[in-house]
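Listing of upload.txt; format and content: compact mmCIF, C-alpha atoms.
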# COMPACT_ATOMS: atom_id res chain seq x y z
CA MET A 1 0.00 0.00 0.00
CA ARG A 2 1.28 3.45 -0.95
CA ASP A 3 -1.89 5.55 -1.19
CA PHE A 4 -2.52 6.50 2.43
CA PRO A 5 -5.45 8.68 3.59
CA PHE A 6 -3.37 11.33 5.36
CA ALA A 7 -4.83 13.63 8.00
CA THR A 8 -3.39 15.80 10.77
CA SER A 9 -4.75 13.42 13.41
CA PHE A 10 -7.27 10.68 13.95
CA TRP A 11 -8.37 12.35 17.17
CA PHE A 12 -9.61 15.63 15.69
CA GLY A 13 -10.95 16.86 12.36
CA THR A 14 -10.77 20.13 10.48
CA ASP A 15 -13.87 21.92 11.79
CA ILE A 16 -12.50 23.15 15.12
CA GLU A 17 -13.78 26.04 17.20
CA THR A 18 -10.85 28.28 18.11
CA ALA A 19 -10.38 31.34 20.27
CA SER A 20 -9.58 34.72 18.76
CA CYS A 21 -6.01 35.51 17.81
CA LEU A 22 -3.98 38.02 19.80
CA GLU A 23 -4.55 41.62 18.71
CA GLY A 24 -3.02 44.90 19.79
CA GLN A 25 -0.83 45.13 22.86
CA GLN A 26 -1.86 43.04 25.87
CA ILE A 27 -0.37 42.68 29.37
CA VAL A 28 -0.59 39.70 31.76
CA ASP A 29 1.32 38.32 34.72
CA VAL A 30 2.26 35.04 33.04
CA ALA A 31 2.42 34.11 29.37
CA VAL A 32 2.48 30.45 28.34
CA ILE A 33 3.66 29.68 24.81
CA GLY A 34 2.15 26.43 23.59
CA GLY A 35 -1.31 24.92 23.93
CA GLY A 36 -0.32 21.29 24.36
CA PHE A 37 -0.46 19.23 27.54
CA ALA A 38 2.66 20.91 28.96
CA GLY A 39 1.29 24.42 28.49
CA LEU A 40 -2.20 23.49 29.67
CA SER A 41 -0.73 21.85 32.77
CA VAL A 42 1.25 25.00 33.58
CA ALA A 43 -1.88 27.16 33.48
CA TYR A 44 -3.94 24.58 35.39
CA HIS A 45 -1.52 24.32 38.30
CA LEU A 46 -0.94 28.07 38.45
CA LYS A 47 -4.68 28.68 38.74
CA GLN A 48 -4.93 26.00 41.41
CA SER A 49 -2.19 27.77 43.40
CA ASN A 50 -3.27 31.37 42.82
CA ALA A 51 -6.66 32.08 41.31
CA ASP A 52 -5.81 35.77 40.89
CA VAL A 53 -2.78 35.36 38.65
CA ARG A 54 -3.43 36.70 35.14
CA ILE A 55 -2.45 34.06 32.59
CA ALA A 56 -2.49 33.98 28.82
CA ILE A 57 -1.85 30.93 26.63
CA VAL A 58 -0.62 31.64 23.12
CA GLU A 59 -0.96 28.81 20.58
CA ALA A 60 0.17 28.92 16.94
CA LYS A 61 -2.63 26.64 15.72
CA HIS A 62 -5.19 25.34 18.21
CA VAL A 63 -5.03 23.64 21.59
CA GLY A 64 -3.95 20.03 21.14
CA TYR A 65 -2.65 20.52 17.60
CA GLY A 66 0.78 18.96 18.19
CA ALA A 67 1.80 15.73 19.89
CA SER A 68 -0.84 16.19 22.61
CA GLY A 69 -3.55 15.65 20.01
CA ARG A 70 -1.76 13.05 17.89
CA ASN A 71 -0.32 10.49 20.34
CA ALA A 72 -1.48 6.92 20.91
CA GLY A 73 -3.62 7.99 23.85
CA TRP A 74 -2.23 6.33 26.93
CA LEU A 75 -0.91 7.49 30.27
CA MET A 76 1.88 5.56 31.96
CA SER A 77 2.97 6.12 35.55
CA MET A 78 6.63 5.77 34.62
CA PRO A 79 9.76 7.84 34.98
CA PRO A 80 11.81 8.51 31.82
CA LEU A 81 12.15 5.04 30.33
CA VAL A 82 15.93 5.20 29.98
CA TRP A 83 16.12 5.45 33.79
CA MET A 84 14.93 1.84 33.91
CA LEU A 85 18.40 0.86 32.65
CA ASP A 86 20.18 2.51 35.60
CA ASN A 87 22.06 0.73 38.38
CA PHE A 88 19.35 -0.59 40.71
CA ASN A 89 22.04 -1.81 43.13
CA ASP A 90 22.52 1.84 44.07
CA PRO A 91 19.97 2.32 46.91
CA GLN A 92 19.68 6.08 46.40
CA ARG A 93 19.19 5.81 42.65
CA LEU A 94 16.58 3.10 43.04
CA ASP A 95 14.77 5.20 45.65
CA ASP A 96 14.77 8.20 43.31
CA ILE A 97 13.31 6.19 40.44
CA ARG A 98 10.72 4.49 42.67
CA TRP A 99 9.74 7.86 44.13
CA THR A 100 9.38 9.38 40.63
CA ALA A 101 7.11 6.54 39.52
CA GLN A 102 4.92 7.09 42.59
CA PHE A 103 4.85 10.83 41.88
CA CYS A 104 3.58 10.03 38.37
CA ARG A 105 0.92 7.67 39.76
CA ASN A 106 -0.28 10.30 42.21
CA ASN A 107 -0.56 12.85 39.42
CA ILE A 108 -2.58 10.48 37.23
CA ALA A 109 -4.91 9.85 40.18
CA GLU A 110 -5.36 13.61 40.63
CA LEU A 111 -6.03 14.03 36.93
CA SER A 112 -8.61 11.25 37.09
CA GLN A 113 -10.41 13.16 39.83
CA PHE A 114 -10.37 16.30 37.67
CA VAL A 115 -11.82 14.40 34.70
CA GLU A 116 -14.62 12.97 36.86
CA ARG A 117 -15.31 16.20 38.74
CA GLU A 118 -15.49 18.36 35.62
CA GLY A 119 -17.26 15.77 33.48
CA VAL A 120 -14.53 15.71 30.82
CA ASP A 121 -15.56 13.20 28.15
CA CYS A 122 -12.15 11.82 27.13
CA ASP A 123 -12.74 8.04 27.26
CA TRP A 124 -10.69 7.73 30.45
CA THR A 125 -10.17 3.96 30.85
CA PRO A 126 -7.90 2.27 33.41
CA THR A 127 -6.48 -0.82 31.75
CA HIS A 128 -3.10 -2.45 31.21
CA HIS A 129 -0.45 -2.49 28.51
CA THR A 130 0.94 -5.84 27.41
CA LEU A 131 4.50 -6.29 26.22
CA VAL A 132 4.44 -9.37 24.01
CA ALA A 133 7.54 -11.50 23.35
CA ARG A 134 7.71 -13.30 20.01
CA ASN A 135 11.12 -15.00 20.25
CA PRO A 136 13.64 -16.17 22.89
CA LEU A 137 15.48 -12.84 22.92
CA GLU A 138 12.29 -10.92 23.65
CA VAL A 139 11.33 -13.49 26.30
CA ALA A 140 14.65 -12.85 28.01
CA THR A 141 14.02 -9.11 27.71
CA LEU A 142 10.69 -9.42 29.52
CA ARG A 143 12.21 -11.60 32.23
CA TRP A 144 14.91 -8.98 32.79
CA ILE A 145 12.45 -6.07 32.74
CA ALA A 146 9.81 -7.58 35.05
CA PRO A 147 11.74 -7.35 38.36
CA ARG A 148 12.80 -3.82 37.46
CA PHE A 149 9.20 -2.78 36.94
CA GLU A 150 8.32 -4.34 40.28
CA ALA A 151 11.28 -2.65 41.98
CA VAL A 152 9.95 0.80 41.07
CA GLY A 153 6.44 -0.06 42.26
CA LEU A 154 4.68 -0.97 39.02
CA ASP A 155 1.94 -3.57 39.34
CA CYS A 156 2.96 -6.05 36.65
CA THR A 157 2.23 -9.70 35.82
CA TYR A 158 4.30 -12.13 33.75
CA TYR A 159 2.53 -14.72 31.56
CA GLU A 160 3.91 -17.85 29.94
CA LYS A 161 3.05 -18.81 26.36
CA LYS A 162 -0.36 -20.41 26.85
CA GLN A 163 -1.70 -17.46 28.83
CA ALA A 164 0.15 -14.87 26.74
CA GLN A 165 -1.72 -15.81 23.59
CA GLN A 166 -4.92 -14.20 24.88
CA PHE A 167 -3.43 -10.72 24.50
CA VAL A 168 -2.57 -10.76 20.78
CA GLY A 169 -3.53 -12.67 17.67
CA TYR A 170 0.03 -13.32 16.54
CA SER A 171 2.53 -15.79 17.95
CA ALA A 172 3.33 -14.93 21.57
CA THR A 173 5.81 -16.85 23.68
CA SER A 174 5.36 -14.76 26.85
CA ALA A 175 3.84 -11.46 27.97
CA LEU A 176 4.22 -8.83 30.67
CA THR A 177 1.34 -6.56 31.66
CA TYR A 178 1.40 -3.35 33.68
CA ASP A 179 -1.21 -0.74 34.52
CA ILE A 180 -1.89 2.25 32.27
CA VAL A 181 -4.82 4.54 31.43
CA THR A 182 -6.06 4.99 27.87
CA ILE A 183 -7.61 8.28 26.80
CA GLN A 184 -8.87 10.20 23.81
CA PRO A 185 -6.03 12.73 24.08
CA TYR A 186 -7.55 15.56 22.09
CA LYS A 187 -10.74 15.46 24.16
CA LEU A 188 -8.65 15.70 27.32
CA ALA A 189 -6.84 18.72 25.89
CA ARG A 190 -10.19 20.33 25.05
CA GLY A 191 -11.49 19.58 28.53
CA LEU A 192 -8.51 21.32 30.11
CA ARG A 193 -8.96 24.18 27.64
CA GLN A 194 -12.59 24.67 28.65
CA TRP A 195 -11.78 24.63 32.38
CA LEU A 196 -9.01 27.19 31.96
CA ILE A 197 -11.27 29.53 30.00
CA GLN A 198 -13.86 29.24 32.78
CA GLN A 199 -11.16 30.19 35.29
CA GLY A 200 -10.42 33.39 33.39
CA VAL A 201 -7.30 32.32 31.50
CA ASP A 202 -6.88 34.28 28.26
CA LEU A 203 -6.45 31.98 25.28
CA TYR A 204 -5.14 33.15 21.94
CA GLU A 205 -5.18 30.55 19.18
CA ASN A 206 -3.95 30.89 15.59
CA THR A 207 -1.29 33.19 17.06
CA ARG A 208 2.30 32.49 16.12
CA ILE A 209 5.08 34.04 18.21
CA ALA A 210 7.89 35.42 16.06
CA TYR A 211 10.34 36.38 18.79
CA ILE A 212 10.77 37.08 22.50
CA GLU A 213 12.37 40.29 23.74
CA SER A 214 13.60 40.74 27.32
CA THR A 215 13.47 44.21 28.84
CA LYS A 216 14.62 45.45 32.23
CA HIS A 217 11.32 44.71 33.97
CA ASP A 218 9.37 42.28 31.79
CA ILE A 219 9.30 40.15 28.65
CA ARG A 220 7.62 41.01 25.37
CA LEU A 221 6.26 38.41 22.98
CA ALA A 222 5.86 39.66 19.41
CA THR A 223 3.55 37.82 17.01
CA THR A 224 3.93 37.36 13.29
CA GLN A 225 0.70 39.39 12.88
CA GLY A 226 2.17 42.46 14.59
CA ALA A 227 0.52 42.11 18.01
CA SER A 228 2.38 41.82 21.31
CA LEU A 229 1.94 40.31 24.75
CA THR A 230 3.94 41.57 27.72
CA ALA A 231 4.39 39.46 30.86
CA GLU A 232 6.50 39.27 33.99
CA LYS A 233 7.07 35.54 33.47
CA VAL A 234 7.08 33.45 30.32
CA ILE A 235 6.89 29.66 30.13
CA VAL A 236 8.07 28.13 26.86
CA ALA A 237 6.08 24.90 26.42
CA THR A 238 6.58 24.43 22.69
CA ASN A 239 8.34 21.05 22.67
CA ALA A 240 9.03 19.99 19.05
CA TYR A 241 8.02 23.43 17.74
CA THR A 242 10.57 25.40 19.79
CA ASN A 243 12.84 26.13 16.82
CA SER A 244 10.03 28.03 15.09
CA ILE A 245 10.46 30.91 17.59
CA ASP A 246 13.38 33.27 17.94
CA LEU A 247 13.82 32.99 21.70
CA GLY A 248 16.93 35.11 21.71
CA ILE A 249 18.55 32.63 24.09
CA ALA A 250 20.35 29.31 23.89
CA THR A 251 18.26 26.25 24.72
CA PRO A 252 19.49 22.82 25.85
CA SER A 253 20.33 20.36 23.11
CA ALA A 254 17.41 18.12 22.17
CA SER A 255 16.38 16.04 19.18
CA ILE A 256 13.14 15.93 17.23
CA TYR A 257 11.60 12.61 16.25
CA HIS A 258 8.54 11.68 14.27
CA THR A 259 6.30 8.77 15.13
CA TYR A 260 3.53 7.44 12.90
CA MET A 261 0.07 5.90 13.30
CA LEU A 262 -2.57 4.09 11.28
CA ALA A 263 -6.27 3.68 12.07
CA THR A 264 -8.33 1.02 10.32
CA GLU A 265 -11.96 1.34 9.41
CA PRO A 266 -14.27 -0.12 12.10
CA LEU A 267 -13.82 -3.88 12.31
CA ARG A 268 -16.22 -6.76 12.83
CA GLN A 269 -16.17 -8.30 16.27
CA ASP A 270 -14.66 -11.54 15.01
CA LEU A 271 -11.69 -9.60 13.60
CA LEU A 272 -11.28 -7.65 16.82
CA ASP A 273 -11.20 -10.95 18.72
CA ARG A 274 -8.49 -12.24 16.39
CA ILE A 275 -6.39 -9.14 17.09
CA SER A 276 -6.77 -9.57 20.85
CA GLU A 277 -9.13 -11.60 22.99
CA THR A 278 -8.73 -9.09 25.81
CA GLN A 279 -8.68 -6.09 23.43
CA THR A 280 -6.20 -4.31 25.66
CA PRO A 281 -3.19 -2.31 24.38
CA PHE A 282 -0.13 -4.30 23.33
CA GLY A 283 3.39 -3.76 22.04
CA ASP A 284 6.83 -5.21 21.40
CA PRO A 285 9.70 -5.21 23.92
CA SER A 286 12.20 -4.23 21.22
CA ILE A 287 14.13 -1.14 20.20
CA SER A 288 12.13 -0.76 16.97
CA PHE A 289 8.84 -0.56 18.80
CA TYR A 290 5.34 -1.18 17.46
CA ILE A 291 2.26 -0.78 19.62
CA GLY A 292 -1.46 -1.14 19.10
CA ARG A 293 -4.79 -0.54 20.78
CA ILE A 294 -8.43 -1.09 19.98
CA HIS A 295 -10.52 2.09 19.96
CA GLN A 296 -14.14 2.28 18.82
CA HIS A 297 -13.84 -1.04 16.96
CA ARG A 298 -10.72 0.09 15.10
CA LEU A 299 -7.12 -1.02 15.35
CA LEU A 300 -4.78 1.90 15.99
CA PHE A 301 -1.23 0.85 15.11
CA ASN A 302 1.74 3.01 16.03
CA GLY A 303 5.48 2.82 15.59
CA ILE A 304 8.80 4.12 14.24
CA ASP A 305 10.97 6.81 15.80
CA ARG A 306 12.48 8.75 12.93
CA ALA A 307 14.73 11.79 13.24
CA SER A 308 12.98 14.73 11.58
CA GLN A 309 12.86 18.49 11.08
CA ASN A 310 9.15 18.67 11.98
CA THR A 311 7.94 19.76 8.55
CA PRO A 312 4.62 18.93 6.83
CA ALA A 313 6.60 16.49 4.67
CA ASP A 314 7.71 14.66 7.82
CA ASP A 315 4.05 14.20 8.81
CA GLN A 316 3.46 12.26 5.59
CA HIS A 317 6.80 10.48 5.18
CA LEU A 318 5.74 7.70 2.81
CA PRO A 319 8.55 5.17 3.51
CA SER A 320 7.68 5.27 7.22
CA PHE A 321 4.00 4.61 6.56
CA VAL A 322 4.81 1.79 4.14
CA LYS A 323 7.03 0.19 6.79
CA LEU A 324 4.38 0.68 9.48
CA TYR A 325 1.67 -0.87 7.32
CA THR A 326 3.96 -3.79 6.47
CA GLU A 327 4.61 -4.43 10.17
CA MET A 328 0.88 -4.30 10.91
CA LEU A 329 0.18 -6.97 8.27
CA ARG A 330 3.15 -9.03 9.47
CA ARG A 331 1.31 -9.37 12.78
CA PHE A 332 -2.25 -9.42 11.45
CA PRO A 333 -2.23 -10.71 7.83
CA PHE A 334 -6.00 -11.19 7.99
CA LEU A 335 -6.34 -7.37 7.87
CA LYS A 336 -4.92 -7.18 4.33
CA SER A 337 -8.32 -6.39 2.82
CA THR A 338 -9.26 -3.97 5.62
CA PRO A 339 -9.16 -0.32 4.51
CA ILE A 340 -7.04 2.19 6.39
CA ALA A 341 -9.23 5.12 7.48
CA ILE A 342 -6.57 7.62 8.56
CA ALA A 343 -2.78 7.84 8.54
CA TRP A 344 -1.00 10.53 10.53
CA GLY A 345 2.30 11.48 12.08
CA GLY A 346 3.55 13.80 14.78
CA ALA A 347 6.76 15.18 16.20
CA VAL A 348 8.14 14.96 19.73
CA GLN A 349 11.22 16.50 21.30
CA GLN A 350 13.49 14.70 23.72
CA ASN A 351 17.07 14.72 24.87
CA SER A 352 19.34 11.71 25.33
CA THR A 353 18.19 11.13 28.92
CA GLU A 354 14.47 11.30 28.02
CA ALA A 355 14.12 13.58 31.06
CA PRO A 356 12.08 16.75 30.44
CA ILE A 357 13.74 20.16 30.56
CA VAL A 358 12.11 22.21 33.34
CA ARG A 359 14.24 25.14 34.43
CA PRO A 360 14.71 28.91 34.17
CA THR A 361 16.99 30.01 31.37
CA ALA A 362 20.47 31.24 32.25
CA HIS A 363 19.92 34.38 30.17
CA ASN A 364 16.75 35.42 31.99
CA PRO A 365 15.34 33.49 34.99
CA ASN A 366 11.89 34.89 34.21
CA ILE A 367 11.83 32.81 31.03
CA ILE A 368 11.17 29.21 32.06
CA LEU A 369 11.60 26.20 29.78
CA ASN A 370 9.09 23.35 30.02
CA MET A 371 9.79 20.96 27.16
CA GLY A 372 11.36 17.69 26.10
CA TYR A 373 8.30 15.47 26.51
CA GLY A 374 8.99 12.53 24.23
CA GLY A 375 9.28 8.80 24.61
CA GLY A 376 6.64 6.45 25.97
CA SER A 377 6.10 8.37 29.20
CA GLY A 378 5.87 11.82 27.56
CA VAL A 379 2.10 12.30 27.89
CA GLY A 380 2.03 11.55 31.60
CA MET A 381 5.07 13.69 32.37
CA ALA A 382 3.75 16.63 30.32
CA LEU A 383 0.46 16.53 32.21
CA LEU A 384 2.24 16.79 35.57
CA SER A 385 4.73 19.42 34.42
CA GLY A 386 2.70 22.38 35.60
CA ARG A 387 3.30 21.38 39.17
CA LEU A 388 7.04 21.58 38.52
CA THR A 389 6.86 25.11 37.11
CA THR A 390 4.48 26.68 39.64
CA ASP A 391 7.11 27.50 42.27
CA LEU A 392 9.42 28.89 39.59
CA VAL A 393 6.69 31.23 38.38
CA LEU A 394 5.38 32.32 41.78
CA ASN A 395 8.87 32.59 43.33
CA HIS A 396 8.11 29.98 46.00
CA ALA A 397 11.65 28.69 46.51
CA THR A 398 10.79 25.61 48.60
CA LYS A 399 7.00 25.54 48.97
CA ASP A 400 6.62 22.33 46.96
CA SER A 401 9.52 20.12 48.03
CA GLU A 402 8.40 17.24 45.80
CA ALA A 403 8.40 19.43 42.70
CA LYS A 404 11.85 20.70 43.65
CA ARG A 405 13.10 17.14 44.06
CA LEU A 406 11.83 16.04 40.65
CA ARG A 407 13.25 19.12 38.92
CA GLY A 408 16.59 18.26 40.52
CA LEU A 409 16.39 14.67 39.29
CA TYR A 410 15.61 15.89 35.78
CA ASP A 411 18.55 18.32 35.83
CA ALA A 412 20.96 15.69 37.16
CA SER A 413 19.86 13.08 34.64
CA HIS A 414 22.46 12.05 32.08
CA PHE A 415 22.80 9.35 29.49
CA SER A 416 25.30 6.66 30.37
CA VAL A 417 26.50 4.04 27.92
CA LEU A 418 26.55 1.69 30.89
CA GLY A 419 22.74 1.61 30.79
CA PRO A 420 22.41 -0.16 27.42
CA VAL A 421 25.43 -2.31 28.28
CA ARG A 422 23.81 -3.28 31.58
CA ALA A 423 20.56 -4.12 29.79
CA ALA A 424 22.25 -6.14 27.05
CA THR A 425 24.32 -8.06 29.59
CA GLY A 426 21.30 -8.75 31.79
CA VAL A 427 19.17 -9.93 28.88
CA LEU A 428 21.97 -12.15 27.56
CA LYS A 429 22.52 -13.75 30.97
CA THR A 430 18.79 -14.37 31.26
CA LEU A 431 18.74 -15.90 27.78
CA LEU A 432 21.67 -18.23 28.49
CA CYS A 433 20.25 -19.36 31.83
CA ARG A 434 17.01 -20.60 30.30

Could you take the file, read its structure, and then write that structure out as structure tokens?
Amino acid sequence: MRDFPFATSFWFGTDIETASCLEGQQIVDVAVIGGGFAGLSVAYHLKQSNADVRIAIVEAKHVGYGASGRNAGWLMSMPPLVWMLDNFNDPQRLDDIRWTAQFCRNNIAELSQFVEREGVDCDWTPTHHTLVARNPLEVATLRWIAPRFEAVGLDCTYYEKKQAQQFVGYSATSALTYDIVTIQPYKLARGLRQWLIQQGVDLYENTRIAYIESTKHDIRLATTQGASLTAEKVIVATNAYTNSIDLGIATPSASIYHTYMLATEPLRQDLLDRISETQTPFGDPSISFYIGRIHQHRLLFNGIDRASQNTPADDQHLPSFVKLYTEMLRRFPFLKSTPIAIAWGGAVQQNSTEAPIVRPTAHNPNIILNMGYGGGSGVGMALLSGRLTTDLVLNHATKDSEAKRLRGLYDASHFSVLGPVRAATGVLKTLLCR
């Protein structure tokens, strides 16, 4: 297949109600650049801490346009995944990772309460994700991963071949499940948007920031349409779109990757049962990942991390979609005659440690970076990020000790070649001992 029905996202269409663009010269206390989960979380937590603070969110397209409205739609209570390769024999490091995982779980629980309290219709569904091994190497990988998941407090279960087969319709030799929440991500973004508007947050959509200018007392955001927004504090929550703005400052090194998804037309129940008896999300425990979930009688199939420049051409990179479609049929050949309804791609930004970047800039401490939400745990970490920025914005040096601790762990995070070596050695030992 080479003729794919491309769209911006499966989760939203083209007829979207948007707020007015920024006009004239406006003044607020806090300006948030970016209307994705990271930016929405910043505004949400600021309003929870101080209802009187004047906040404006400026979004180049519409809320949820980027990765927040294009992802696979699941929340994982995990720290940056590369941390799972660290030295667990170090008691302090293990405690830090376990504590971070619990922090993520607590935040998801709080978000669940918000969704229920505010009646946000985002298909919030507690379930589990299943890592499925297809060969001896992947079996050894799961056996090595399982005790690490348990060590950081994840509720996981290992299944041998006979039981593993219930989770997917292709050959499974073992499986490992752990708890996640699936969502309709764009609806969650819209729910947060609506709540923030009700709380008096100014929202400017279809407003592209051209550059940021620091003055002696404040910061001025200039738009490409000639308007301006002046604020005492600015949070840059633009993730993969950061390079589109002249920030006038150096930002930490980070890479942009594209990931791709396919959605089938609605399937008959017998086909859904062949994909998965449990119809719960599944994926591969391999470096070249592929994951899937059933949503509204469709198979959503996701995979491929490809370095990109975040251009429209990257969204529709044909070789990546051909490869993704081929991998889908490799697992489910009975879907060969099933039409693909939508094909879409999206960009994420992450550094080598997969830890988000949450810190004031060295050039101006009133400009705060909140970005780098990629990898499998990006959605969950972006949605808790507002708690990490609140003290930085309100000048509460130590009011939230947990937020301070997590910011410190992010800042201290570094990529070590020993991590992959440790993982490869552990998996190989497990393989040879079987």

Pairwise distance for CA of Glu265 (chain A) and CA of Gly346 (chain A), rounded to one decimal in Å: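 Value for the CA of Glu265 (chain A)-CA of Gly346 (chain A) distance: 20.6 Å.
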
Using only C-alpha atoms, which residue out of A:Ile245, A:Ile97, A:Val115, A:Leu196 lies closest to Ala56 (chain A)?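 Checking each candidate against Ala56 (chain A), we get A:Leu196 as the closest.
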
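For the atom pair formed by CA of Ile304 (chain A) and CA of Phe37 (chain A), the distance is 22.2 Å, given to one decimal.
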
For Asp179 (chain A), which residue out of A:His129, A:Phe149, A:Arg293, A:Lys161 is the nearest one, using all atoms listed in the file? A:His129

Between CA of Gln184 (chain A) and CA of Met381 (chain A) - distance in Å to one decimal: 16.7 Å

Nearest candidate to Thr311 (chain A) (options A:His258, A:Lys323, A:Arg330, A:Arg193; using all atoms listed in the file):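 Between A:His258, A:Lys323, A:Arg330, A:Arg193, the residue approaching Thr311 (chain A) most closely is A:His258.
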
Output, as AutoDock Vina command-line options, the centre and edge lengths in Å (one decimal) of the axis-aligned box that contains all listed atoms of region 351-365 of chain A with 5 Å of margin on each side.
--center_x 16.3 --center_y 23.3 --center_z 29.9 --size_x 18.4 --size_y 34.3 --size_z 20.1

Between A:Val63, A:Ala133, A:Ala263, A:Leu46, which one has atoms that come closest to Glu17 (chain A), using all atoms listed in the file? A:Val63

Shortest contact to Ser77 (chain A), candidates A:Asp155, A:Asp284, A:Asp95, A:Glu160, atoms counted all atoms listed in the file, goes to A:Asp155

Write out as a list of chain:residue names each polymer residue whose atoms come within 7 Å of His297 (chain A), counting all atoms listed in the file; drop sequence neighbours fewer than 3 positions from it.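 After dropping sequence-adjacent residues, the list is A:Pro266, A:Leu267, A:Ile294.
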
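Minimum atom-to-atom distances from A:Leu188, A:Ile342, A:Ala19, A:Met84 to Pro420 (chain A) were compared using only C-alpha atoms, and the lowest value belongs to A:Met84.
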
Considering only C-alpha atoms, return as a PyMOL selection string whatever protein or nucleic-acid residues lie within 9 Å of Leu85 (chain A), sequence-local ones (same chain, fewer than 5 positions apart) excluded. chain A and resi 148+418-423

Pull the neighbourhood of (-11.8, 26.7, 14.3) for me: all residues within 10 Å in file coordinates, counting all atoms listed in the file, as a list of chain:residue names.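 It turns out the residues near that spot are A:Thr14, A:Asp15, A:Ile16, A:Glu17, A:Thr18, A:Ala19, A:Ser20, A:Lys61, A:His62, A:Glu205, A:Asn206.
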
Within 12 Å of Pro79 (chain A), counting all atoms listed in the file, which residues show up once you throw out same-chain ones fewer than 6 positions away? Write them as a ChimeraX atom specification, please. /A:85-86,94,96-105,149,152-154,353-356,373-382,384,406,409-410,413
